[in-house]
Structures are given as structure tokens and as C-alpha cells.
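Quick notes on the structure that follows.
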Amino acid sequence: MLKKLKKIDSVILIVLVMLMVISILSIYSVTNGRLVQKLDGFHLQMLKYYIVGFVAFFVLTFVDYRIFVKYALYIYILGIGLLVSVSFFGKVKNGAQLGLEIGGLSFQPAELFKLILILLLASILVRKQGATLTFWKGVVPLALLTLLPFAIVIVQNDLGNALSYIVILIGLLWIGNIKISHALIGLLIVGGLGLAGILSYIHYHDEAVYFFEETLGRKHLVDRFDPWLVPDLASDDASYHTKNAKVAIASGGMSGEGYMQGSSVQSNRVPYTYSDAIFVQVAEEFGFVGSALLLLLFFILLHRMILIALESRERSGPFLIIGITAMLLYQILENIGAFIGLMPLTGITLPFISYGGTSLLINMACMGIVMSVHLYGRDVEEDLQLPKALAVKL
């Protein structure tokens with residue numbers, strides 16, 4: 001144990017500690033004394049989440065990650081069951097069924113399933129032994145296994161987490177040796193459909209609004225797409241969040257307005273500054289310099305993860321790390337992009353910074369698995385076999 005402890009990547013550990021400090025200080029800035037909103041003390045709660053998160057990090061660090069890969073199919077089936085249970089027993093918040101109440105604590109299976117999906121897709125790809133993925137026997141099965149949870153979570157109105165599943169699939173297909181022709185065709189189809197959808201929404205706005213609101217009953221999608229694609233047509237309520245966020249970010253300038261001095265975030269003009277919009281607090285109070293330093297920490301973290309993947313001699317380790325990297329990169333770009341007008345607002349959290357127990361715990365667990373790859377991934381490679389009862393030909 002002590003020998004393994006000395007091999008832990010100190011850079012990743014230091015970055016995680018620095019992100020913890022930034023998170024707690026940022027949450028304290030926008031919640032301290034907010035008794036009316038019942039936010040006072042959130043920074044202490046986040047500290048507790050981080051303590052639990054670091055426990056999960058170190059436990060998973062010293063557990064051979066190949067155990068989870070071996071039983072990934074069992075875990076996937078359990079995860080699907082949890083997702084389905086949210087549709088029946090889930091807590092509704094802001095129009096979305098997000099979590100289950102367990103012992104007075106809120107738990108979001110959609111967050112956990114990101115890690116579960118990475119484990120399953122990695123377990124399948126490692127058995128391909130580097131062979132080029134064919135369309136019907138390679139790409140389609142992986143896509144179907146991803147689209148099932150995607151559909152469940154979309155029905156629950158959790159667009160942010162649902163899209164993360166697609167990003168994870170794309171990242172693992174790329175490293176999984178997909179044919180270049182298939183990749184190009186897929187990009188053309190997805191890009192073409194995306195561009196057609198955006199242009200159709202802009203040019204046929206009234207029809208699109210009727211379709212989403214009346215036909216699908218998903219008014220919240222209109223409230224998210226309008227401020228992004230047609231800000232001039234967006235209602236005041238729909239554009240309130242992103243419009244004020246842009247003002248706050250711009251007012252931060254180069255060096256910011258000062259810690260706990262942000263004029264917009266301290267006056268509650270930007271909703272959820274302790275959670276989804278915490279980057280707005282960083283940008284307004286610490287300016288471009290503070291925002292750039294935060295992004296630098298994320299870059300260092302992702303860079304070290306990729307280096308660990310390259311150093312791994314065991315096949316499943318790199319798949320896990322690339323899946324986790326894709327997941328974190330998507331969350332970072334989507335969260336920040338939403339508040340500067342480049343992406344739609346989906347409610348996705350900023351990894352390691354936003355307030356939230358489930359998302360932080362899953363992210364710390366993912367880093368524990370990354371560290372496990374660092375410790376065990378250089379061992380002699382062993383073939384992974386599914387239990388015969390659940391063995392499938394993929």
C-alpha cells in the first residue's frame with residue numbers, strides 16, 4: 001500500500017486540492033449570509049462533499065480498475081434500473097426529473113451513469129483487441145447501448161447529462177479504431193442534421209416553438225434554445241439568466257471586481273451562481289486572469305490524464321481515461337460556453353467547482369479510476385472475460 005501511495009501522480013492530486021479551494025471560496029462568496037435563500041453554509045456542505053470525494057478517490061485508487069471493467073455489464077444493467085426508477089420516483093426540479101431521495105439525501109443516477117457507460121463501452125472495446133470497428137458489429141451495438149440511457153434521460157428532461165453520453169460514445173469510438181470513412185460519414189450526418197436543425201429553428205421559429213411547446217410539451221427547450229439562437233425573440237424570463245451572466249462576465253474585465261465584490265453575483269442578478277453559473281462568479285470577481293488560471297488548471301488535469309493513458313500497457317486503461325476525459329471536457333466547454341453565448345444552457349455543472357454532491361462524487365471517483373490506471377496499468381496485461389451467464393458477442 002505504501003509503495004503504491006508513493007506512486008500517486010502528485011500533479012493531479014495538487015490540482016484537485018486547488019480546485020477544491022477555488023470551489024469552496026467561490027461558493028462562500030455567493031452564499032455567505034444568504035439566509036433568505038437558505039444558502040448560508042453551502043461552502044461547509046461542499047467541504048463535506050469534498051471529504052467524501054477524496055475518500056472515494058483514494059479507495060478507488062488502490063482498487064484494481066480491471067475489476068470494474070470485468071463486471072461492467074452487471075453494473076450497466078443496475079444503472080439502467082436506477083435511471084428507470086427516476087421516472088417513477090424521481091424528484092422534479094426546474095421541470096426535470098433529476099434525482100432520487102435516499103435517506104434525506106438527493107442522488108442523481110444520470111450523473112453516475114456517465115461513469116457506468118464509460119466502463120461498459122471500454123469493456124467491449126478492449127475485447128476487440130485493436131481490430132478496426134465494423135459498422136454493424138462494432139459501431140451499431142455501442143450506439144444502441146448508449147442511445148438507451150440517452151432516451152431515458154431525455155424523457156426526464158435532463159438534456160445536459162443526456163448529451164454527455166453521446167460525447168462519451170464519440171470519444172471512445174475514435175480511440176476504439178473506427179474506420180476513417182465511417183467517422184467522416186458520421187460527422188457529416190451529425191453535422192448536417194445539427195446545422196439543418198439550427199437553421200430550421202431560426203428561419204421557422206414560430207413553427208418550432210409550436211412543435212416543442214404544443215406537440216412535445218417541452219417548453220423548457222424553447223427557453224434554452226431561444227437565448228442561444230434567436231436572442232432578440234427570447235422572452236425576458238428565458239434570456240434573464242444568460243443575459244445577466246454575460247453582463248457579469250464582461251464587467252469582470254482583466255482582473256475582476258474583487259473577491260465578494262461582484263456587482264451582479266452579489267446582488268443575485270445571476271441565478272444559481274453557487275451551482276451551474278459558478279464560472280460567472282469567477283469571471284466577475286477575478287476577471288480574465290482568474291478565469292484563465294481556472295482553465296489552466298483544467299488543462300493540466302486533462303493533460304496529465306492523457307499522459308497516464310499513453311503510459312498504460314494494459315488495454316482497457318486508455319479507453320477508461322479517454323472516456324473520462326471526453327466527459328470532463330464536454331462539461332467544461334458546455335458550462336462555460338453557455339454563459340458566453342456559444343452553447344445552449346443545459347444546466348450542466350462545472351466539474352469540481354459547482355456545488356453538488358453527486359456530480360462531485362462521480363468526478364472524484366473518475367479521478368480515482370484514472371489514478372488506478374496509473375498504478376495498475378503498467379502491470380502485465382491480462383485478458384478480461386465476462387461471466388459466462390452474461391457473456392455476449394459484440
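By order in the C-alpha cells, chains are A, B, ...; within a chain, residues start at 1; ligands start at 1, following the order shown.
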
Exercise for review: Please give the complete set of residues from segment 249-346 of chain A that DSSP, run on the backbone, assigns to alpha helix (DSSP H), formatted as a VMD selection string.
Suggested key: chain A and resid 249 to 252 278 to 311 316 to 339

Exercise for review: For segment 350-359 of chain A, please output as a PyMOL selection string all residues within 7 Å (counting only C-alpha atoms; exclusion window: fewer than 4 positions along the same chain).
Suggested key: chain A and resi 19-20+22-23+46+49+107-108+111+274-276+278+328+331-332+335+363

Exercise for review: Can you work out the spacing between atom CA of Met327 of chain A and atom CA of Leu47 of chain A in Å, to one decimal?
Suggested key: 23.5 Å

Point to revise | Interatomic distance (Å, one decimal) between atom CA of Lys3 of chain A and atom CA of Gly317 of chain A | key: 20.5 Å

Exercise for review: Write out as a PyMOL selection string each polymer residue whose atoms come within 12 Å of segment 58-67 of chain A, counting only C-alpha atoms; drop sequence neighbours fewer than 3 positions from it.
Suggested key: chain A and resi 1-9+13+51-55+70-75+119-120+122-123+126+314-321+361-379+381-387

Those residues you just picked out, can you put them in a file as a compact mmCIF listing (two decimals), in the first residue's frame with C-alpha atoms?
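Below is the file again-v2.txt, written as the result:
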```txt
# COMPACT_ATOMS: atom_id res chain seq x y z
CA MET A 1 0.00 0.00 0.00
CA LEU A 2 2.75 2.46 0.98
CA LYS A 3 4.65 1.62 -2.19
CA LYS A 4 1.55 2.34 -4.28
CA LEU A 5 0.89 5.54 -2.34
CA LYS A 6 4.28 6.92 -3.32
CA LYS A 7 3.44 6.35 -7.00
CA ILE A 8 0.32 8.55 -6.96
CA ASP A 9 0.52 11.34 -9.54
CA LEU A 13 -3.55 15.49 -6.53
CA ILE A 51 -14.00 14.98 2.08
CA VAL A 52 -16.26 12.14 0.93
CA GLY A 53 -14.99 12.66 -2.62
CA PHE A 54 -11.35 12.32 -1.59
CA VAL A 55 -12.21 9.17 0.36
CA LYS A 70 -14.82 -7.16 -15.89
CA TYR A 71 -18.28 -6.72 -14.35
CA ALA A 72 -19.27 -3.67 -16.40
CA LEU A 73 -22.32 -5.38 -17.93
CA TYR A 74 -23.77 -6.15 -14.49
CA ILE A 75 -23.15 -2.54 -13.46
CA LEU A 119 -16.95 1.21 -18.06
CA LEU A 120 -19.26 -0.75 -20.37
CA ALA A 122 -14.40 0.26 -22.52
CA SER A 123 -15.08 -3.38 -21.58
CA VAL A 126 -10.94 -3.92 -25.10
CA GLU A 314 -2.97 -2.64 -20.31
CA ARG A 315 -5.65 -2.25 -22.99
CA SER A 316 -8.70 -1.09 -21.00
CA GLY A 317 -6.94 1.72 -19.11
CA PRO A 318 -6.64 4.14 -22.05
CA PHE A 319 -10.28 3.55 -23.00
CA LEU A 320 -11.41 4.48 -19.49
CA ILE A 321 -9.26 7.59 -19.37
CA LEU A 361 -18.52 12.36 -6.02
CA ILE A 362 -18.70 10.89 -9.54
CA ASN A 363 -15.93 13.16 -10.80
CA MET A 364 -13.70 12.27 -7.86
CA ALA A 365 -14.47 8.58 -8.40
CA CYS A 366 -13.46 9.01 -12.04
CA MET A 367 -10.16 10.54 -10.94
CA GLY A 368 -9.68 7.60 -8.60
CA ILE A 369 -10.06 5.24 -11.55
CA VAL A 370 -7.58 7.34 -13.54
CA MET A 371 -5.10 7.02 -10.69
CA SER A 372 -5.80 3.28 -10.50
CA VAL A 373 -4.82 3.05 -14.18
CA HIS A 374 -1.64 4.93 -13.29
CA LEU A 375 -0.82 2.41 -10.55
CA TYR A 376 -2.01 -0.84 -12.12
CA GLY A 377 -2.00 -0.09 -15.85
CA ARG A 378 1.67 -0.89 -16.22
CA ASP A 379 1.19 -4.46 -14.99
CA GLU A 381 -1.84 -7.29 -19.44
CA GLU A 382 -4.50 -9.85 -18.60
CA ASP A 383 -7.44 -10.83 -20.75
CA LEU A 384 -10.78 -9.81 -19.34
CA GLN A 385 -13.60 -12.32 -19.55
CA LEU A 386 -17.23 -11.60 -18.86
CA PRO A 387 -19.05 -14.01 -16.55
```

Practice item. Point out the residue among A:Val230, A:Val21, A:Ile166, A:Phe225 with the least atom-to-atom distance to Tyr50 of chain A, counting only C-alpha atoms. Key: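 With only C-alpha atoms as the atom set, the closest residue is A:Val21.
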
Review point. Which residues come within 9 Å of Ile170 of chain A, counting only C-alpha atoms, excluding same-chain residues fewer than 5 positions away, as a list in words?
Key: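 Here the qualifying residues turn out to be Tyr165, Ile175, Gly323 and Ala326 of chain A.
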
Could the residues in this selection be written to a file with N, CA, C and O atoms, as a CSV table (one decimal), in the first residue's frame?
```
chain,number,residue,atom,x,y,z
A,165,TYR,N,-23.6,11.5,-22.7
A,165,TYR,CA,-23.5,10.1,-23.1
A,165,TYR,C,-23.0,10.0,-24.6
A,165,TYR,O,-22.2,9.2,-25.0
A,175,ILE,N,-11.1,6.5,-30.3
A,175,ILE,CA,-9.9,5.8,-29.8
A,175,ILE,C,-10.1,4.3,-30.1
A,175,ILE,O,-9.1,3.5,-30.1
A,323,GLY,N,-12.5,8.1,-22.1
A,323,GLY,CA,-14.0,8.3,-21.9
A,323,GLY,C,-14.2,9.4,-20.8
A,323,GLY,O,-15.0,10.3,-20.9
A,326,ALA,N,-13.2,12.8,-22.2
A,326,ALA,CA,-14.3,13.4,-23.1
A,326,ALA,C,-15.4,13.9,-22.2
A,326,ALA,O,-16.0,15.0,-22.5
```

Which residues are near segment 184-192 of chain A? Cut-off 12 Å, only C-alpha atoms, ignore same chain within fewer than 6 positions. Put them as a tab-separated table (two decimals) with N, CA and C atoms, in the first residue's frame.
```tsv
chain	number	residue	atom	x	y	z
A	135	PHE	N	-19.13	-1.53	-39.00
A	135	PHE	CA	-20.32	-0.73	-38.71
A	135	PHE	C	-21.37	-1.52	-37.94
A	139	VAL	N	-19.91	-0.51	-34.42
A	139	VAL	CA	-20.46	0.80	-34.11
A	139	VAL	C	-21.90	0.71	-33.62
A	140	VAL	N	-22.73	-0.04	-34.34
A	140	VAL	CA	-24.16	-0.10	-34.01
A	140	VAL	C	-24.43	-0.62	-32.59
A	143	ALA	N	-23.58	2.08	-30.16
A	143	ALA	CA	-24.53	3.19	-30.27
A	143	ALA	C	-25.85	2.85	-29.58
A	166	ILE	N	-23.55	10.91	-25.43
A	166	ILE	CA	-23.17	10.92	-26.85
A	166	ILE	C	-21.71	11.31	-27.01
A	170	ILE	N	-18.70	9.12	-28.74
A	170	ILE	CA	-17.86	9.63	-29.83
A	170	ILE	C	-16.38	9.51	-29.47
A	173	LEU	N	-15.38	5.80	-29.55
A	173	LEU	CA	-15.36	5.27	-30.92
A	173	LEU	C	-14.08	5.71	-31.63
A	174	TRP	N	-13.68	6.95	-31.38
A	174	TRP	CA	-12.48	7.47	-32.04
A	174	TRP	C	-11.24	6.69	-31.61
A	178	ILE	N	-12.26	3.26	-35.03
A	178	ILE	CA	-13.34	3.30	-36.01
A	178	ILE	C	-12.74	3.62	-37.38
A	198	ILE	N	-30.53	23.79	-36.61
A	198	ILE	CA	-30.32	25.16	-36.15
A	198	ILE	C	-30.93	26.17	-37.13
A	199	LEU	N	-30.65	25.97	-38.42
A	199	LEU	CA	-31.19	26.89	-39.43
A	199	LEU	C	-32.71	26.82	-39.49
A	200	SER	N	-33.26	25.62	-39.34
A	200	SER	CA	-34.72	25.47	-39.36
A	200	SER	C	-35.34	26.17	-38.16
```
